[in-house]
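Structure data follow from start.tsv (TSV, C-alpha atoms):
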```tsv
chain	number	residue	atom	x	y	z
A	209	MET	CA	117.02	196.53	-24.07
A	210	LYS	CA	113.87	194.44	-24.33
A	211	LYS	CA	115.24	191.89	-21.85
A	212	SER	CA	116.07	194.56	-19.26
A	213	LEU	CA	112.57	196.08	-19.65
A	214	PHE	CA	111.02	192.67	-18.93
A	215	LEU	CA	113.40	192.22	-16.04
A	216	TYR	CA	112.41	195.61	-14.56
A	217	LEU	CA	108.70	194.85	-15.08
A	218	THR	CA	109.07	191.43	-13.47
A	219	ILE	CA	110.93	192.90	-10.49
A	220	LEU	CA	108.26	195.63	-10.23
A	221	ALA	CA	105.45	193.05	-10.38
A	222	VAL	CA	107.14	190.88	-7.73
A	223	LEU	CA	107.68	193.90	-5.45
A	224	THR	CA	104.09	195.09	-5.94
A	225	THR	CA	102.79	191.61	-5.15
A	226	LEU	CA	105.06	191.37	-2.10
A	227	PHE	CA	103.99	194.79	-0.75
A	228	THR	CA	100.31	194.00	-1.43
A	229	TYR	CA	100.64	190.66	0.37
A	230	MET	CA	102.35	192.30	3.36
A	231	PHE	CA	99.74	195.09	3.51
A	232	LEU	CA	96.78	192.71	3.31
A	233	SER	CA	98.21	190.26	5.86
A	234	LYS	CA	98.76	193.15	8.32
A	235	GLU	CA	95.29	194.49	7.52
A	236	VAL	CA	93.74	191.10	8.32
A	237	LYS	CA	95.72	190.91	11.57
A	238	PHE	CA	94.64	194.48	12.45
A	239	GLN	CA	90.96	193.64	11.74
A	240	GLU	CA	91.20	190.47	13.86
A	241	GLU	CA	92.69	192.46	16.76
A	242	ARG	CA	89.98	195.11	16.42
A	243	TYR	CA	87.27	192.43	16.32
A	244	LYS	CA	88.75	190.81	19.43
A	245	ARG	CA	88.85	194.14	21.32
A	246	THR	CA	85.27	195.01	20.28
A	247	THR	CA	84.01	191.55	21.25
A	248	THR	CA	85.70	191.80	24.64
A	249	LYS	CA	84.23	195.26	25.19
A	250	LEU	CA	80.75	194.05	24.22
A	251	ARG	CA	80.99	191.03	26.54
A	252	ASP	CA	82.06	193.32	29.38
A	253	SER	CA	79.11	195.62	28.63
A	254	ILE	CA	76.68	192.70	28.57
A	255	ASP	CA	78.08	191.42	31.87
A	256	LEU	CA	77.70	194.90	33.40
A	257	VAL	CA	74.11	195.25	32.17
A	258	THR	CA	73.28	191.75	33.42
A	259	THR	CA	74.69	192.61	36.85
A	260	LYS	CA	72.77	195.89	36.98
A	261	LEU	CA	69.57	194.12	35.97
A	262	ALA	CA	70.08	191.48	38.63
A	263	ASP	CA	70.68	194.23	41.21
A	264	ALA	CA	67.59	196.12	40.05
A	265	ASN	CA	65.46	192.98	40.31
A	266	TYR	CA	66.86	191.87	43.64
A	267	PHE	CA	63.66	192.97	45.37
A	268	SER	CA	61.10	191.16	43.26
A	269	LEU	CA	58.89	188.17	43.74
A	270	GLU	CA	60.35	186.61	40.58
A	271	ASN	CA	63.81	186.41	42.18
A	272	ASN	CA	62.97	185.78	45.83
A	273	ASP	CA	62.92	182.06	46.62
A	274	ASN	CA	61.77	182.61	50.20
A	275	ALA	CA	58.76	184.65	49.05
A	276	GLN	CA	57.98	182.09	46.34
A	277	ASN	CA	58.09	179.28	48.90
A	278	TYR	CA	55.51	181.16	50.97
A	279	PHE	CA	52.93	180.37	48.26
A	280	ASP	CA	53.89	176.69	48.02
A	281	SER	CA	51.88	174.47	50.29
A	282	SER	CA	51.68	170.80	50.98
A	283	ASN	CA	47.94	171.11	50.29
A	284	ASP	CA	47.64	171.72	46.53
A	285	SER	CA	44.22	173.35	46.89
A	286	LYS	CA	45.81	176.18	48.91
A	287	SER	CA	48.92	176.42	46.75
A	288	VAL	CA	49.25	179.45	44.46
A	289	LYS	CA	51.72	179.67	41.60
A	290	TYR	CA	53.60	182.94	41.93
A	291	GLN	CA	54.07	183.19	38.14
A	292	GLU	CA	50.29	183.30	37.74
A	293	LEU	CA	49.83	185.48	40.83
A	294	ILE	CA	51.97	188.42	39.64
A	295	PRO	CA	49.77	189.41	36.68
A	296	ILE	CA	46.58	188.75	38.68
A	297	VAL	CA	47.64	190.97	41.58
A	298	THR	CA	48.81	193.70	39.20
A	299	GLU	CA	45.57	193.56	37.19
A	300	LYS	CA	43.37	193.64	40.33
A	301	LEU	CA	45.23	196.67	41.64
A	302	LEU	CA	45.03	198.51	38.32
A	303	ASP	CA	41.29	197.71	38.05
A	304	TYR	CA	40.72	200.15	40.91
A	305	ASN	CA	41.89	202.97	38.57
A	306	SER	CA	38.37	202.97	37.07
A	307	ASN	CA	36.93	204.22	40.37
A	308	PRO	CA	35.48	207.73	39.71
A	309	LYS	CA	37.29	209.12	42.78
A	310	GLY	CA	40.60	207.52	41.80
A	311	ASN	CA	42.40	204.42	42.94
A	312	PRO	CA	41.81	204.12	46.70
A	313	TYR	CA	45.13	202.32	47.10
A	314	THR	CA	47.19	205.41	46.27
A	315	GLY	CA	46.52	206.56	49.82
A	316	GLN	CA	45.57	210.01	48.47
A	317	ASP	CA	42.26	211.79	48.04
A	318	GLN	CA	41.67	213.68	44.83
A	319	ILE	CA	43.37	217.10	45.06
A	320	GLY	CA	42.69	218.79	41.72
A	321	LYS	CA	40.36	218.09	38.85
A	322	ASN	CA	42.05	214.75	38.01
A	323	LYS	CA	41.89	211.58	40.06
A	324	PHE	CA	44.97	209.68	41.23
A	325	ILE	CA	45.61	206.45	39.38
A	326	ILE	CA	48.35	203.86	39.68
A	327	ASN	CA	50.68	203.79	36.69
A	328	LYS	CA	53.33	201.20	37.51
A	329	VAL	CA	53.39	198.27	39.91
A	330	LYS	CA	56.26	196.14	41.23
A	331	ILE	CA	55.56	193.16	43.45
A	332	LEU	CA	58.48	193.01	45.86
A	333	ASN	CA	57.75	189.77	47.70
A	334	HIS	CA	54.87	187.71	49.14
A	335	ARG	CA	53.54	190.68	51.11
A	336	TRP	CA	54.62	194.07	49.66
A	337	ILE	CA	54.01	196.04	46.51
A	338	ILE	CA	55.48	199.36	45.50
A	339	ALA	CA	53.53	201.44	43.01
A	340	ASP	CA	53.87	204.74	41.19
A	341	TYR	CA	50.77	206.93	40.85
A	342	SER	CA	49.80	210.35	39.54
A	343	ASP	CA	46.93	212.60	38.59
A	344	GLY	CA	48.78	213.86	35.52
A	345	GLU	CA	50.35	216.77	37.41
A	346	ILE	CA	51.32	215.42	40.83
A	347	TRP	CA	53.28	212.21	41.26
A	348	GLY	CA	53.70	209.87	44.19
A	349	GLU	CA	54.59	206.41	45.35
A	350	VAL	CA	52.82	204.01	47.65
A	351	LEU	CA	53.92	200.96	49.60
A	352	LEU	CA	51.09	198.43	49.82
A	353	LYS	CA	50.53	195.18	51.63
A	354	TYR	CA	48.64	192.50	49.76
A	355	PHE	CA	47.08	189.30	50.92
A	356	VAL	CA	45.91	186.23	49.01
A	357	ASN	CA	42.79	185.03	50.80
A	358	GLU	CA	41.75	181.39	51.16
A	359	ASP	CA	39.26	181.82	48.30
A	360	LYS	CA	42.21	183.18	46.22
A	361	THR	CA	40.83	186.74	46.17
A	362	ILE	CA	43.32	189.55	46.65
A	363	ALA	CA	43.10	192.16	49.41
A	364	PHE	CA	45.20	195.32	49.56
A	365	GLU	CA	46.17	197.65	52.39
A	366	VAL	CA	48.00	200.99	52.13
A	367	ASN	CA	51.13	200.87	54.27
A	368	GLN	CA	52.61	204.27	53.38
A	369	SER	CA	52.06	206.83	50.66
A	370	LEU	CA	53.98	209.91	49.64
A	371	LEU	CA	53.52	212.76	47.16
A	372	TYR	CA	56.37	214.56	45.46
A	373	GLN	CA	56.36	218.32	45.38
A	374	LYS	CA	54.87	219.78	42.25
A	375	HIS	CA	57.43	221.53	40.04
A	376	ASN	CA	56.29	224.60	38.13
```
In structure tokens, what does this structure look like?
Amino acid sequence: MKKSLFLYLTILAVLTTLFTYMFLSKEVKFQEERYKRTTTKLRDSIDLVTTKLADANYFSLENNDNAQNYFDSSNDSKSVKYQELIPIVTEKLLDYNSNPKGNPYTGQDQIGKNKFIINKVKILNHRWIIADYSDGEIWGEVLLKYFVNEDKTIAFEVNQSLLYQKHN
């Protein structure tokens, strides 16, 4: 009787160990497959975001070799580094926001009690800038031309400006 009890317990222990081993090996395989699928999905998402970012930045001085080459010159005294130019141009344009009548490069005169100021600037190439502006209630966009003068000062010119309709 005692021998058969040990035999049954041994068989039960072997079966339990076998089923546990099978379950855990399938669980590991399942987790590996899930990890592989998730990794693939994440890589695809990263690739998609990278592509969208590249498309969004297609029109930018940072990614336009032809516009960058415009600033390179055989005469180093006239050469301007576009990496240094971008923040300088942006800062100069935003400095006009302190004008009491608003930034003159929005292309808009003050309509209400608030002045128009430029909020966001994107330098498209060696000649054009697009900017977003508002007075806190009315929003618009402006296309500007900019020029780097021989003395490395920056000049701006409004090309076209538009206001969006005010929503109540």
Residues near Tyr266 (chain A), anyone? I mean within 12 Å using all atoms listed in the file, not counting same-chain ones fewer than 4 positions away, as a ChimeraX atom specification.
/A:259-262,270-273,330-333
I want to know what sits within 6 Å of region 354-366 of chain A, based on all atoms listed in the file, with residues of the same chain fewer than 2 positions away left out; could you give that as a compact mmCIF listing (two decimals) with C-alpha atoms, in the frame of the given file?
```txt
# COMPACT_ATOMS: atom_id res chain seq x y z
CA TYR A 313 45.13 202.32 47.10
CA ARG A 335 53.54 190.68 51.11
CA LEU A 352 51.09 198.43 49.82
CA GLN A 368 52.61 204.27 53.38
```
One decimal, in Å: what's the spacing between CA of Gly344 (chain A) and CA of Tyr304 (chain A)?
16.8 Å
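One finds CA of Gln291 (chain A) at 17.8 Å from CA of Ile338 (chain A).
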Quote the spacing between CA of Thr298 (chain A) and CA of Val329 (chain A) in Å to one decimal place.
6.5 Å
I want to know what sits within 10 Å of Val288 (chain A), based on all atoms listed in the file, with residues of the same chain fewer than 4 positions away left out; could you give that as a count of residues only?
11
Calculated over all atoms listed in the file, which of the candidates A:Thr247, A:Ser268, A:Thr224, A:Ser342 has the smallest distance to Ile319 (chain A)?
A:Ser342
Could you tell me, as a PyMOL selection string, which residues have any atom at most 12 Å from (52.8, 204.7, 42.0), counting only C-alpha atoms?
chain A and resi 301-302+305+311-316+324-331+337-344+346-352+366+368-372
Nearest to Val297 (chain A) by atom-to-atom distance, counting all atoms listed in the file, from A:Glu345, A:Gly310, A:Phe238, A:His334:
A:His334
Kindly output region 246-257 of chain A as a compact mmCIF listing (two decimals), keeping the file's coordinate frame, after building all heavy atoms.
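Saved the output as rebuild09.txt:
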```
# COMPACT_ATOMS: atom_id res chain seq x y z
N THR A 246 86.70 194.64 20.29
CA THR A 246 85.27 195.01 20.28
C THR A 246 84.44 193.92 20.95
O THR A 246 83.55 194.22 21.75
CB THR A 246 84.79 195.23 18.83
OG1 THR A 246 85.60 196.23 18.22
CG2 THR A 246 83.34 195.66 18.80
N THR A 247 84.74 192.66 20.64
CA THR A 247 84.01 191.55 21.25
C THR A 247 84.20 191.54 22.76
O THR A 247 83.23 191.36 23.52
CB THR A 247 84.48 190.21 20.64
OG1 THR A 247 84.31 190.26 19.23
CG2 THR A 247 83.69 189.05 21.20
N THR A 248 85.42 191.76 23.21
CA THR A 248 85.70 191.80 24.64
C THR A 248 84.93 192.95 25.30
O THR A 248 84.33 192.78 26.37
CB THR A 248 87.22 191.97 24.89
OG1 THR A 248 87.90 190.90 24.26
CG2 THR A 248 87.54 191.99 26.37
N LYS A 249 84.94 194.10 24.65
CA LYS A 249 84.23 195.26 25.19
C LYS A 249 82.73 194.99 25.27
O LYS A 249 82.08 195.33 26.25
CB LYS A 249 84.48 196.47 24.27
CG LYS A 249 84.53 197.79 24.99
CD LYS A 249 84.67 198.94 24.02
CE LYS A 249 86.09 199.36 23.84
NZ LYS A 249 86.21 200.58 23.03
N LEU A 250 82.18 194.37 24.23
CA LEU A 250 80.75 194.05 24.22
C LEU A 250 80.40 193.03 25.30
O LEU A 250 79.38 193.16 25.98
CB LEU A 250 80.32 193.54 22.85
CG LEU A 250 80.27 194.58 21.74
CD1 LEU A 250 79.97 193.91 20.40
CD2 LEU A 250 79.24 195.66 22.03
N ARG A 251 81.24 192.03 25.48
CA ARG A 251 80.99 191.03 26.54
C ARG A 251 81.02 191.69 27.91
O ARG A 251 80.20 191.39 28.77
CB ARG A 251 82.03 189.91 26.47
CG ARG A 251 81.71 188.90 25.41
CD ARG A 251 82.53 187.62 25.57
NE ARG A 251 82.29 186.75 24.45
CZ ARG A 251 83.20 186.41 23.54
NH1 ARG A 251 84.42 186.85 23.64
NH2 ARG A 251 82.87 185.62 22.55
N ASP A 252 81.98 192.59 28.11
CA ASP A 252 82.06 193.32 29.38
C ASP A 252 80.81 194.16 29.59
O ASP A 252 80.27 194.23 30.70
CB ASP A 252 83.30 194.21 29.43
CG ASP A 252 84.60 193.40 29.51
OD1 ASP A 252 84.52 192.19 29.78
OD2 ASP A 252 85.68 194.00 29.29
N SER A 253 80.33 194.80 28.53
CA SER A 253 79.11 195.62 28.63
C SER A 253 77.90 194.76 28.95
O SER A 253 77.07 195.13 29.77
CB SER A 253 78.86 196.38 27.32
OG SER A 253 79.88 197.31 27.08
N ILE A 254 77.80 193.61 28.30
CA ILE A 254 76.68 192.70 28.57
C ILE A 254 76.74 192.21 30.01
O ILE A 254 75.71 192.16 30.70
CB ILE A 254 76.68 191.52 27.57
CG1 ILE A 254 76.28 192.02 26.19
CG2 ILE A 254 75.76 190.41 28.04
CD1 ILE A 254 76.46 190.99 25.08
N ASP A 255 77.93 191.86 30.48
CA ASP A 255 78.08 191.42 31.87
C ASP A 255 77.67 192.53 32.84
O ASP A 255 77.00 192.27 33.84
CB ASP A 255 79.52 191.00 32.16
CG ASP A 255 79.90 189.70 31.46
OD1 ASP A 255 78.98 188.98 31.00
OD2 ASP A 255 81.11 189.42 31.37
N LEU A 256 78.05 193.76 32.54
CA LEU A 256 77.70 194.90 33.40
C LEU A 256 76.19 195.12 33.42
O LEU A 256 75.60 195.29 34.49
CB LEU A 256 78.41 196.17 32.91
CG LEU A 256 78.14 197.43 33.70
CD1 LEU A 256 78.71 197.31 35.11
CD2 LEU A 256 78.76 198.62 32.99
N VAL A 257 75.56 195.07 32.25
CA VAL A 257 74.11 195.25 32.17
C VAL A 257 73.40 194.12 32.89
O VAL A 257 72.42 194.34 33.61
CB VAL A 257 73.65 195.36 30.70
CG1 VAL A 257 72.15 195.27 30.56
CG2 VAL A 257 74.15 196.66 30.09
```
